[in-house]
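A.B. asks: Structure supplied as protein03.pdb; contents: PDB, C-alpha atoms.
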ATOM      1  CA  ASP A   1      95.086  88.024  96.830
ATOM      2  CA  ILE A   2      97.571  87.817  99.692
ATOM      3  CA  VAL A   3      96.027  89.249 102.848
ATOM      4  CA  MET A   4      98.317  91.204 105.165
ATOM      5  CA  THR A   5      97.281  91.443 108.815
ATOM      6  CA  GLN A   6      99.055  93.746 111.233
ATOM      7  CA  SER A   7      99.014  93.707 115.002
ATOM      8  CA  PRO A   8      98.317  95.583 117.098
ATOM      9  CA  ASP A   9      96.031  98.145 115.462
ATOM     10  CA  SER A  10      97.449 100.801 117.764
ATOM     11  CA  LEU A  11     100.358 101.012 120.133
ATOM     12  CA  ALA A  12     101.481 103.522 122.766
ATOM     13  CA  VAL A  13     105.131 103.463 123.796
ATOM     14  CA  SER A  14     107.194 105.742 126.037
ATOM     15  CA  LEU A  15     109.924 107.864 124.527
ATOM     16  CA  GLY A  16     113.181 105.938 124.389
ATOM     17  CA  GLU A  17     111.451 102.592 124.693
ATOM     18  CA  ARG A  18     111.209  99.832 122.099
ATOM     19  CA  ALA A  19     108.227  99.501 119.776
ATOM     20  CA  ALA A  20     107.412  96.378 117.786
ATOM     21  CA  ILE A  21     104.784  96.006 115.067
ATOM     22  CA  ASN A  22     103.855  92.636 113.605
ATOM     23  CA  CYS A  23     102.709  91.709 110.132
ATOM     24  CA  LYS A  24     101.413  88.337 109.022
ATOM     25  CA  SER A  25     100.799  87.337 105.411
ATOM     26  CA  SER A  26      98.188  84.779 104.351
ATOM     27  CA  GLN A  27     100.856  82.926 102.376
ATOM     28  CA  SER A  28     104.620  82.925 102.241
ATOM     29  CA  VAL A  29     106.259  85.907 100.539
ATOM     30  CA  LEU A  30     109.693  84.271 100.418
ATOM     31  CA  TYR A  31     110.891  84.287  96.809
ATOM     32  CA  SER A  32     112.891  81.098  96.444
ATOM     33  CA  SER A  33     114.941  82.151  93.422
ATOM     34  CA  ASN A  34     116.832  84.825  95.378
ATOM     35  CA  ASN A  35     115.882  83.827  98.959
ATOM     36  CA  LYS A  36     114.407  87.251  99.639
ATOM     37  CA  ASN A  37     111.188  88.067 101.423
ATOM     38  CA  LEU A  38     109.197  90.416  99.216
ATOM     39  CA  LEU A  39     107.889  92.573 102.050
ATOM     40  CA  ALA A  40     108.297  96.269 102.743
ATOM     41  CA  TRP A  41     107.488  98.620 105.626
ATOM     42  CA  TYR A  42     106.214 102.180 105.291
ATOM     43  CA  GLN A  43     105.702 105.099 107.639
ATOM     44  CA  GLN A  44     102.900 107.586 107.051
ATOM     45  CA  LYS A  45     102.454 110.880 108.855
ATOM     46  CA  PRO A  46      99.282 112.984 108.588
ATOM     47  CA  GLY A  47      98.879 114.713 105.265
ATOM     48  CA  GLN A  48     101.855 112.911 103.720
ATOM     49  CA  PRO A  49     102.256 109.928 101.416
ATOM     50  CA  PRO A  50     103.733 106.733 102.816
ATOM     51  CA  LYS A  51     107.502 106.752 103.160
ATOM     52  CA  LEU A  52     109.542 103.638 102.427
ATOM     53  CA  LEU A  53     111.484 102.454 105.482
ATOM     54  CA  ILE A  54     112.485  98.866 104.756
ATOM     55  CA  TYR A  55     112.365  96.494 101.783
ATOM     56  CA  TRP A  56     113.237  92.822 101.375
ATOM     57  CA  ALA A  57     111.889  92.549 104.944
ATOM     58  CA  SER A  58     115.121  93.756 106.560
ATOM     59  CA  THR A  59     117.016  96.167 104.271
ATOM     60  CA  ARG A  60     116.793  99.776 105.386
ATOM     61  CA  GLU A  61     116.162 102.369 102.720
ATOM     62  CA  SER A  62     118.910 104.954 102.350
ATOM     63  CA  GLY A  63     118.575 107.726 104.943
ATOM     64  CA  VAL A  64     116.348 105.783 107.333
ATOM     65  CA  PRO A  65     117.660 105.925 110.919
ATOM     66  CA  ASP A  66     119.205 102.706 112.196
ATOM     67  CA  ARG A  67     116.758 102.563 115.112
ATOM     68  CA  PHE A  68     114.352 101.093 112.542
ATOM     69  CA  SER A  69     114.873  97.419 111.770
ATOM     70  CA  GLY A  70     112.899  94.680 110.087
ATOM     71  CA  SER A  71     112.945  90.964 110.705
ATOM     72  CA  GLY A  72     111.082  87.782 109.900
ATOM     73  CA  SER A  73     110.657  85.366 107.040
ATOM     74  CA  GLY A  74     107.952  83.468 105.215
ATOM     75  CA  THR A  75     104.689  84.692 106.691
ATOM     76  CA  ASP A  76     105.646  86.480 109.918
ATOM     77  CA  PHE A  77     107.442  89.796 110.088
ATOM     78  CA  THR A  78     108.251  92.494 112.629
ATOM     79  CA  LEU A  79     109.174  96.154 112.403
ATOM     80  CA  THR A  80     111.101  97.265 115.471
ATOM     81  CA  ILE A  81     111.943 100.777 116.577
ATOM     82  CA  SER A  82     114.694 100.360 119.127
ATOM     83  CA  SER A  83     114.329 103.694 120.928
ATOM     84  CA  LEU A  84     111.173 105.634 120.159
ATOM     85  CA  GLN A  85     111.578 109.282 119.211
ATOM     86  CA  ALA A  86     108.812 111.887 119.087
ATOM     87  CA  GLU A  87     109.101 112.118 115.301
ATOM     88  CA  ASP A  88     108.278 108.406 114.983
ATOM     89  CA  VAL A  89     104.608 109.042 115.782
ATOM     90  CA  ALA A  90     102.874 107.824 112.631
ATOM     91  CA  VAL A  91     100.908 104.996 111.077
ATOM     92  CA  TYR A  92     103.021 102.073 109.884
ATOM     93  CA  TYR A  93     102.107  99.711 107.041
ATOM     94  CA  CYS A  94     103.536  96.483 105.724
ATOM     95  CA  ARG A  95     103.197  95.617 102.041
ATOM     96  CA  GLN A  96     103.816  92.454 100.060
ATOM     97  CA  TYR A  97     104.999  92.302  96.502
ATOM     98  CA  TYR A  98     105.351  88.545  96.122
ATOM     99  CA  SER A  99     102.312  88.334  93.888
ATOM    100  CA  ALA A 100      99.910  90.662  92.146
ATOM    101  CA  PRO A 101      98.066  92.595  93.252
ATOM    102  CA  ILE A 102     100.299  94.470  95.675
ATOM    103  CA  THR A 103      98.528  94.428  99.052
ATOM    104  CA  PHE A 104      99.010  96.400 102.240
ATOM    105  CA  GLY A 105      98.302  95.735 105.882
ATOM    106  CA  GLN A 106      95.578  97.757 107.583
ATOM    107  CA  GLY A 107      98.097  99.911 109.426
ATOM    108  CA  THR A 108      99.303 100.280 113.017
ATOM    109  CA  ARG A 109      99.021 103.652 114.730
ATOM    110  CA  LEU A 110     102.016 104.391 116.944
ATOM    111  CA  GLU A 111     101.691 106.999 119.674
ATOM    112  CA  ILE A 112     103.674 108.278 122.630
ATOM    113  CA  LYS A 113     102.626 106.990 126.035
TER     114      LYS A 113
ATOM    115  CA  GLN B   1     116.352 112.592  92.646
ATOM    116  CA  VAL B   2     113.005 111.402  91.353
ATOM    117  CA  GLN B   3     110.018 113.620  92.015
ATOM    118  CA  LEU B   4     106.367 112.993  91.222
ATOM    119  CA  GLN B   5     103.911 115.879  90.943
ATOM    120  CA  GLN B   6     100.211 115.157  90.727
ATOM    121  CA  SER B   7      97.532 117.320  89.165
ATOM    122  CA  GLY B   8      93.833 117.032  88.591
ATOM    123  CA  PRO B   9      90.446 118.041  89.982
ATOM    124  CA  GLY B  10      89.468 117.357  93.553
ATOM    125  CA  LEU B  11      85.736 117.063  92.906
ATOM    126  CA  VAL B  12      84.050 114.726  90.447
ATOM    127  CA  LYS B  13      80.330 114.133  89.968
ATOM    128  CA  PRO B  14      78.880 110.628  90.251
ATOM    129  CA  SER B  15      78.914 108.645  86.982
ATOM    130  CA  GLN B  16      81.604 110.913  85.523
ATOM    131  CA  THR B  17      85.295 110.230  84.912
ATOM    132  CA  LEU B  18      88.062 110.855  87.425
ATOM    133  CA  SER B  19      91.241 112.036  85.684
ATOM    134  CA  LEU B  20      94.618 112.597  87.329
ATOM    135  CA  THR B  21      98.102 113.155  85.945
ATOM    136  CA  CYS B  22     101.482 112.440  87.488
ATOM    137  CA  TYR B  23     104.437 114.364  86.123
ATOM    138  CA  ILE B  24     107.817 112.695  86.580
ATOM    139  CA  SER B  25     111.122 114.492  87.025
ATOM    140  CA  GLY B  26     114.480 112.833  87.509
ATOM    141  CA  GLU B  27     113.665 109.685  85.547
ATOM    142  CA  SER B  28     112.092 108.715  82.246
ATOM    143  CA  VAL B  29     108.605 107.236  82.209
ATOM    144  CA  SER B  30     110.104 104.760  79.701
ATOM    145  CA  SER B  31     112.703 103.519  82.203
ATOM    146  CA  ASN B  32     113.301  99.771  82.103
ATOM    147  CA  THR B  33     113.810  99.644  85.876
ATOM    148  CA  ALA B  34     110.582 101.318  86.958
ATOM    149  CA  ALA B  35     106.849 100.792  86.941
ATOM    150  CA  TRP B  36     104.451 103.674  87.452
ATOM    151  CA  ASN B  37     101.579 103.038  89.816
ATOM    152  CA  TRP B  38      98.344 104.551  91.060
ATOM    153  CA  ILE B  39      97.287 103.803  94.631
ATOM    154  CA  ARG B  40      94.390 105.203  96.619
ATOM    155  CA  GLN B  41      93.672 105.498 100.309
ATOM    156  CA  SER B  42      90.380 105.786 102.112
ATOM    157  CA  PRO B  43      89.228 105.047 105.674
ATOM    158  CA  SER B  44      87.047 102.172 104.453
ATOM    159  CA  ARG B  45      89.514 100.531 102.045
ATOM    160  CA  GLY B  46      92.910 101.490 103.471
ATOM    161  CA  LEU B  47      95.725 101.571 100.925
ATOM    162  CA  GLU B  48      94.521 100.028  97.674
ATOM    163  CA  TRP B  49      96.713  99.461  94.627
ATOM    164  CA  LEU B  50      94.815 100.336  91.436
ATOM    165  CA  GLY B  51      97.214  99.623  88.604
ATOM    166  CA  ARG B  52     100.467 100.357  86.834
ATOM    167  CA  THR B  53     102.090 101.020  83.501
ATOM    168  CA  TYR B  54     105.628 100.118  82.507
ATOM    169  CA  TYR B  55     107.917  99.814  79.513
ATOM    170  CA  ARG B  56     109.921  96.675  78.693
ATOM    171  CA  SER B  57     110.470  96.878  74.935
ATOM    172  CA  LYS B  58     106.764  97.667  74.746
ATOM    173  CA  TRP B  59     104.184  99.268  77.018
ATOM    174  CA  SER B  60     102.185  97.095  79.399
ATOM    175  CA  ASN B  61      99.518  97.692  82.026
ATOM    176  CA  ASP B  62      98.243  95.757  85.029
ATOM    177  CA  TYR B  63      95.031  96.628  86.842
ATOM    178  CA  ALA B  64      93.355  95.624  90.072
ATOM    179  CA  VAL B  65      90.397  93.312  89.529
ATOM    180  CA  SER B  66      88.181  95.621  91.590
ATOM    181  CA  VAL B  67      88.472  98.461  89.057
ATOM    182  CA  LYS B  68      89.580  96.645  85.907
ATOM    183  CA  SER B  69      86.435  97.431  83.931
ATOM    184  CA  ARG B  70      86.652 101.153  84.695
ATOM    185  CA  ILE B  71      90.348 102.080  84.761
ATOM    186  CA  THR B  72      92.898 103.225  82.210
ATOM    187  CA  ILE B  73      96.506 104.182  82.961
ATOM    188  CA  ASN B  74      98.417 105.761  80.094
ATOM    189  CA  PRO B  75     101.999 106.952  79.720
ATOM    190  CA  ASP B  76     102.785 110.187  77.891
ATOM    191  CA  THR B  77     106.394 110.051  76.757
ATOM    192  CA  SER B  78     106.321 113.532  75.221
ATOM    193  CA  LYS B  79     105.576 115.077  78.626
ATOM    194  CA  ASN B  80     107.241 112.406  80.787
ATOM    195  CA  GLN B  81     104.096 111.721  82.764
ATOM    196  CA  PHE B  82     101.377 109.148  83.206
ATOM    197  CA  SER B  83      97.700 109.447  83.843
ATOM    198  CA  LEU B  84      94.805 107.753  85.576
ATOM    199  CA  GLN B  85      91.262 107.635  84.283
ATOM    200  CA  LEU B  86      88.559 106.005  86.355
ATOM    201  CA  ASN B  87      85.145 105.894  84.725
ATOM    202  CA  SER B  88      81.657 105.774  86.179
ATOM    203  CA  VAL B  89      82.708 106.915  89.628
ATOM    204  CA  THR B  90      80.531 106.590  92.705
ATOM    205  CA  PRO B  91      80.920 108.052  96.201
ATOM    206  CA  GLU B  92      82.852 104.864  97.097
ATOM    207  CA  ASP B  93      85.669 106.132  94.846
ATOM    208  CA  THR B  94      86.211 109.082  97.180
ATOM    209  CA  ALA B  95      89.792 108.762  98.394
ATOM    210  CA  VAL B  96      93.252 110.260  98.388
ATOM    211  CA  TYR B  97      94.911 109.153  95.154
ATOM    212  CA  TYR B  98      98.675 108.725  94.924
ATOM    213  CA  CYS B  99     101.015 108.049  92.066
ATOM    214  CA  ALA B 100     104.164 106.126  92.950
ATOM    215  CA  ARG B 101     107.253 104.636  91.352
ATOM    216  CA  LEU B 102     108.037 100.976  91.853
ATOM    217  CA  CYS B 103     111.750 100.323  91.454
ATOM    218  CA  THR B 104     112.145  96.908  89.883
ATOM    219  CA  ILE B 105     115.599  96.430  91.417
ATOM    220  CA  ASN B 106     114.154  96.080  94.913
ATOM    221  CA  SER B 107     110.402  96.042  94.094
ATOM    222  CA  ALA B 108     109.883  98.939  96.484
ATOM    223  CA  LEU B 109     107.439 101.804  96.026
ATOM    224  CA  ASP B 110     110.135 104.334  96.765
ATOM    225  CA  TYR B 111     108.866 107.644  95.376
ATOM    226  CA  TRP B 112     105.343 108.971  95.821
ATOM    227  CA  GLY B 113     103.369 111.924  94.615
ATOM    228  CA  GLN B 114     101.927 114.341  97.142
ATOM    229  CA  GLY B 115      98.444 112.861  96.960
ATOM    230  CA  THR B 116      95.168 114.279  95.644
ATOM    231  CA  LEU B 117      91.945 114.112  97.627
ATOM    232  CA  VAL B 118      89.216 113.304  95.128
ATOM    233  CA  THR B 119      85.647 113.630  96.350
ATOM    234  CA  VAL B 120      82.831 112.115  94.333
ATOM    235  CA  SER B 121      79.740 114.169  94.990
ATOM    236  CA  SER B 122      76.999 115.959  93.112
TER     237      SER B 122
END
Please rewrite the model in this file as structure tokens.
C.D. replies:
Amino acid sequence: DIVMTQSPDSLAVSLGERAAINCKSSQSVLYSSNNKNLLAWYQQKPGQPPKLLIYWASTRESGVPDRFSGSGSGTDFTLTISSLQAEDVAVYYCRQYYSAPITFGQGTRLEIK
Amino acid sequence: QVQLQQSGPGLVKPSQTLSLTCYISGESVSSNTAAWNWIRQSPSRGLEWLGRTYYRSKWSNDYAVSVKSRITINPDTSKNQFSLQLNSVTPEDTAVYYCARLCTINSALDYWGQGTLVTVSS
């Protein structure tokens, strides 16, 4: 199985400041046939299911604010929130779908400083 | 707009069978561009994919190795839903269980059920 490791485990950022969450996969998730990284980012708030933010490592899901962006390729990826809003407090997960089984990172808890 | 609505008991006794159903609205369970998944979440295991069912000229299933001997996921085309059965449960199966759609166009789990907390306890 591909192991997904996120860092940090928790993060406190001031409102309006930039937040960055890292995700590292144990092997490359770059699919050579279409040159896409098979990695997604999710946001989960208490009592809710995960919400899809980004797929193909950098494509925002419809309706997701443009302060959320994804970058990276191969084994190293970053989710960036350019200007933290109060409603962004949540746990964030990366997920790979390069090979079965689908695997998730352990999550990064984002809080307001 | 796709919506997934879960149903099933929240308490199961050890050694018994956990059964959950996920009703789909807004898309057919037989869609050629979707796969229907069960995922669970617990503090000890995090988010864990359990398995999926999908239709591509015929029905197929994939299961996680960790539960393969105990799990069955079945589609029900007459009711447009799919189900999860997990046999011989132990307290380690206590978790929030989610159903979710995987869109094969972008391979994203884009629609999720509301989640069901299942506690395994006598």
A.B. asks: Might you pull out every residue within 10 Å of Ser26 (chain A), with all atoms listed in the file counted and same-chain residues fewer than 2 positions away left off, and present them as a list in words?
C.D. replies: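 Residues meeting the cut-off are Asp1, Ile2, Val3, Met4, Thr5, Lys24, Ser28, Val29, Gly74, Thr75 and Asp76 of chain A.
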A.B. asks: Suppose a student applies the PyMOL selection byres ((chain B) within 9 of (chain A)) to this structure; what residues should they get, written as a PDB file with C-alpha atoms, keeping the file's coordinate frame?
C.D. replies:
ATOM      1  CA  ARG B  45      89.514 100.531 102.045  1.00  0.00           C
ATOM      2  CA  GLY B  46      92.910 101.490 103.471  1.00  0.00           C
ATOM      3  CA  LEU B  47      95.725 101.571 100.925  1.00  0.00           C
ATOM      4  CA  GLU B  48      94.521 100.028  97.674  1.00  0.00           C
ATOM      5  CA  TRP B  49      96.713  99.461  94.627  1.00  0.00           C
ATOM      6  CA  LEU B  50      94.815 100.336  91.436  1.00  0.00           C
ATOM      7  CA  GLY B  51      97.214  99.623  88.604  1.00  0.00           C
ATOM      8  CA  ASP B  62      98.243  95.757  85.029  1.00  0.00           C
ATOM      9  CA  TYR B  63      95.031  96.628  86.842  1.00  0.00           C
ATOM     10  CA  ALA B  64      93.355  95.624  90.072  1.00  0.00           C
ATOM     11  CA  VAL B  65      90.397  93.312  89.529  1.00  0.00           C
ATOM     12  CA  TYR B  98      98.675 108.725  94.924  1.00  0.00           C
ATOM     13  CA  ASN B 106     114.154  96.080  94.913  1.00  0.00           C
ATOM     14  CA  SER B 107     110.402  96.042  94.094  1.00  0.00           C
ATOM     15  CA  ALA B 108     109.883  98.939  96.484  1.00  0.00           C
ATOM     16  CA  LEU B 109     107.439 101.804  96.026  1.00  0.00           C
ATOM     17  CA  ASP B 110     110.135 104.334  96.765  1.00  0.00           C
ATOM     18  CA  TYR B 111     108.866 107.644  95.376  1.00  0.00           C
ATOM     19  CA  TRP B 112     105.343 108.971  95.821  1.00  0.00           C
ATOM     20  CA  GLY B 113     103.369 111.924  94.615  1.00  0.00           C
ATOM     21  CA  GLN B 114     101.927 114.341  97.142  1.00  0.00           C
ATOM     22  CA  GLY B 115      98.444 112.861  96.960  1.00  0.00           C
TER      23      GLY B 115
END
A.B. asks: List the spatial neighbours of Leu84 (chain B) as a compact mmCIF listing (two decimals) with C-alpha atoms, keeping the file's coordinate frame - criterion: any atom at most 8 Å away, only C-alpha atoms, same-chain residues fewer than 3 positions off excluded.
C.D. replies:
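Final output, saved to result_8.txt:
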# COMPACT_ATOMS: atom_id res chain seq x y z
CA LEU B 18 88.06 110.86 87.42
CA SER B 19 91.24 112.04 85.68
CA LEU B 20 94.62 112.60 87.33
CA THR B 21 98.10 113.16 85.94
CA TRP B 38 98.34 104.55 91.06
CA ILE B 71 90.35 102.08 84.76
CA THR B 72 92.90 103.22 82.21
CA ILE B 73 96.51 104.18 82.96
CA ASN B 74 98.42 105.76 80.09
A.B. asks: Fewer than 6 positions away in the same chain doesn't count, so skip those; otherwise give me all residues within 7 Å of Gln16 (chain B), counting only C-alpha atoms, as a list in words.
C.D. replies: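 The neighbour list is Asn87, Ser88 and Val89 of chain B.
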A.B. asks: Expressed in Å to a single decimal, how great is the separation between CA of Phe82 (chain B) and CA of Cys99 (chain B)?
C.D. replies: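 Between these atoms lies a distance of 8.9 Å.
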A.B. asks: Kindly give the distance, in Å, that separates CA of Ile105 (chain B) and CA of Gly63 (chain A), rounded to a single decimal.
C.D. replies: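 Straight-line distance from CA of Ile105 (chain B) to CA of Gly63 (chain A) works out to 17.9 Å.
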A.B. asks: What's around Asp66 (chain A) at 10 Å? Count all atoms listed in the file, leave out sequence neighbours fewer than 6 positions away in its own chain, and write the answer as a PyMOL selection string.
C.D. replies: chain A and resi 60+81-82
A.B. asks: Of the candidates B:Val29, B:Cys103, B:Val2, B:Leu11, which one gets nearest to Ser83 (chain B) if we count all atoms listed in the file?
C.D. replies: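 Nearest candidate to Ser83 (chain B) out of B:Val29, B:Cys103, B:Val2, B:Leu11: B:Val29.
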A.B. asks: Hey, which of B:Ser57, B:Gln85, B:Thr116, B:Ser122 ends up closest to Thr17 (chain B)? Count all atoms listed in the file.
C.D. replies: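 Ranking B:Ser57, B:Gln85, B:Thr116, B:Ser122 by distance to Thr17 (chain B), first place goes to B:Gln85.
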A.B. asks: Put the listed atoms of region 60-79 of chain B in a box along x, y and z with 3 Å added on every side and give me the centre and edge lengths in Å to one decimal, as lines of an AutoDock Vina configuration file.
C.D. replies:
center_x = 96.4
center_y = 104.2
center_z = 83.4
size_x = 26.0
size_y = 27.8
size_z = 22.4
A.B. asks: List the residues selected by the PyMOL selection byres ((chain B and resi 91) around 12) in the file shown, writing them as a PDB file with C-alpha atoms, keeping the file's coordinate frame.
C.D. replies:
ATOM      1  CA  LEU B  11      85.736 117.063  92.906  1.00  0.00           C
ATOM      2  CA  VAL B  12      84.050 114.726  90.447  1.00  0.00           C
ATOM      3  CA  LYS B  13      80.330 114.133  89.968  1.00  0.00           C
ATOM      4  CA  PRO B  14      78.880 110.628  90.251  1.00  0.00           C
ATOM      5  CA  SER B  15      78.914 108.645  86.982  1.00  0.00           C
ATOM      6  CA  GLN B  16      81.604 110.913  85.523  1.00  0.00           C
ATOM      7  CA  LEU B  18      88.062 110.855  87.425  1.00  0.00           C
ATOM      8  CA  SER B  42      90.380 105.786 102.112  1.00  0.00           C
ATOM      9  CA  SER B  44      87.047 102.172 104.453  1.00  0.00           C
ATOM     10  CA  SER B  88      81.657 105.774  86.179  1.00  0.00           C
ATOM     11  CA  VAL B  89      82.708 106.915  89.628  1.00  0.00           C
ATOM     12  CA  THR B  90      80.531 106.590  92.705  1.00  0.00           C
ATOM     13  CA  GLU B  92      82.852 104.864  97.097  1.00  0.00           C
ATOM     14  CA  ASP B  93      85.669 106.132  94.846  1.00  0.00           C
ATOM     15  CA  THR B  94      86.211 109.082  97.180  1.00  0.00           C
ATOM     16  CA  ALA B  95      89.792 108.762  98.394  1.00  0.00           C
ATOM     17  CA  VAL B 118      89.216 113.304  95.128  1.00  0.00           C
ATOM     18  CA  THR B 119      85.647 113.630  96.350  1.00  0.00           C
ATOM     19  CA  VAL B 120      82.831 112.115  94.333  1.00  0.00           C
ATOM     20  CA  SER B 121      79.740 114.169  94.990  1.00  0.00           C
ATOM     21  CA  SER B 122      76.999 115.959  93.112  1.00  0.00           C
TER      22      SER B 122
END
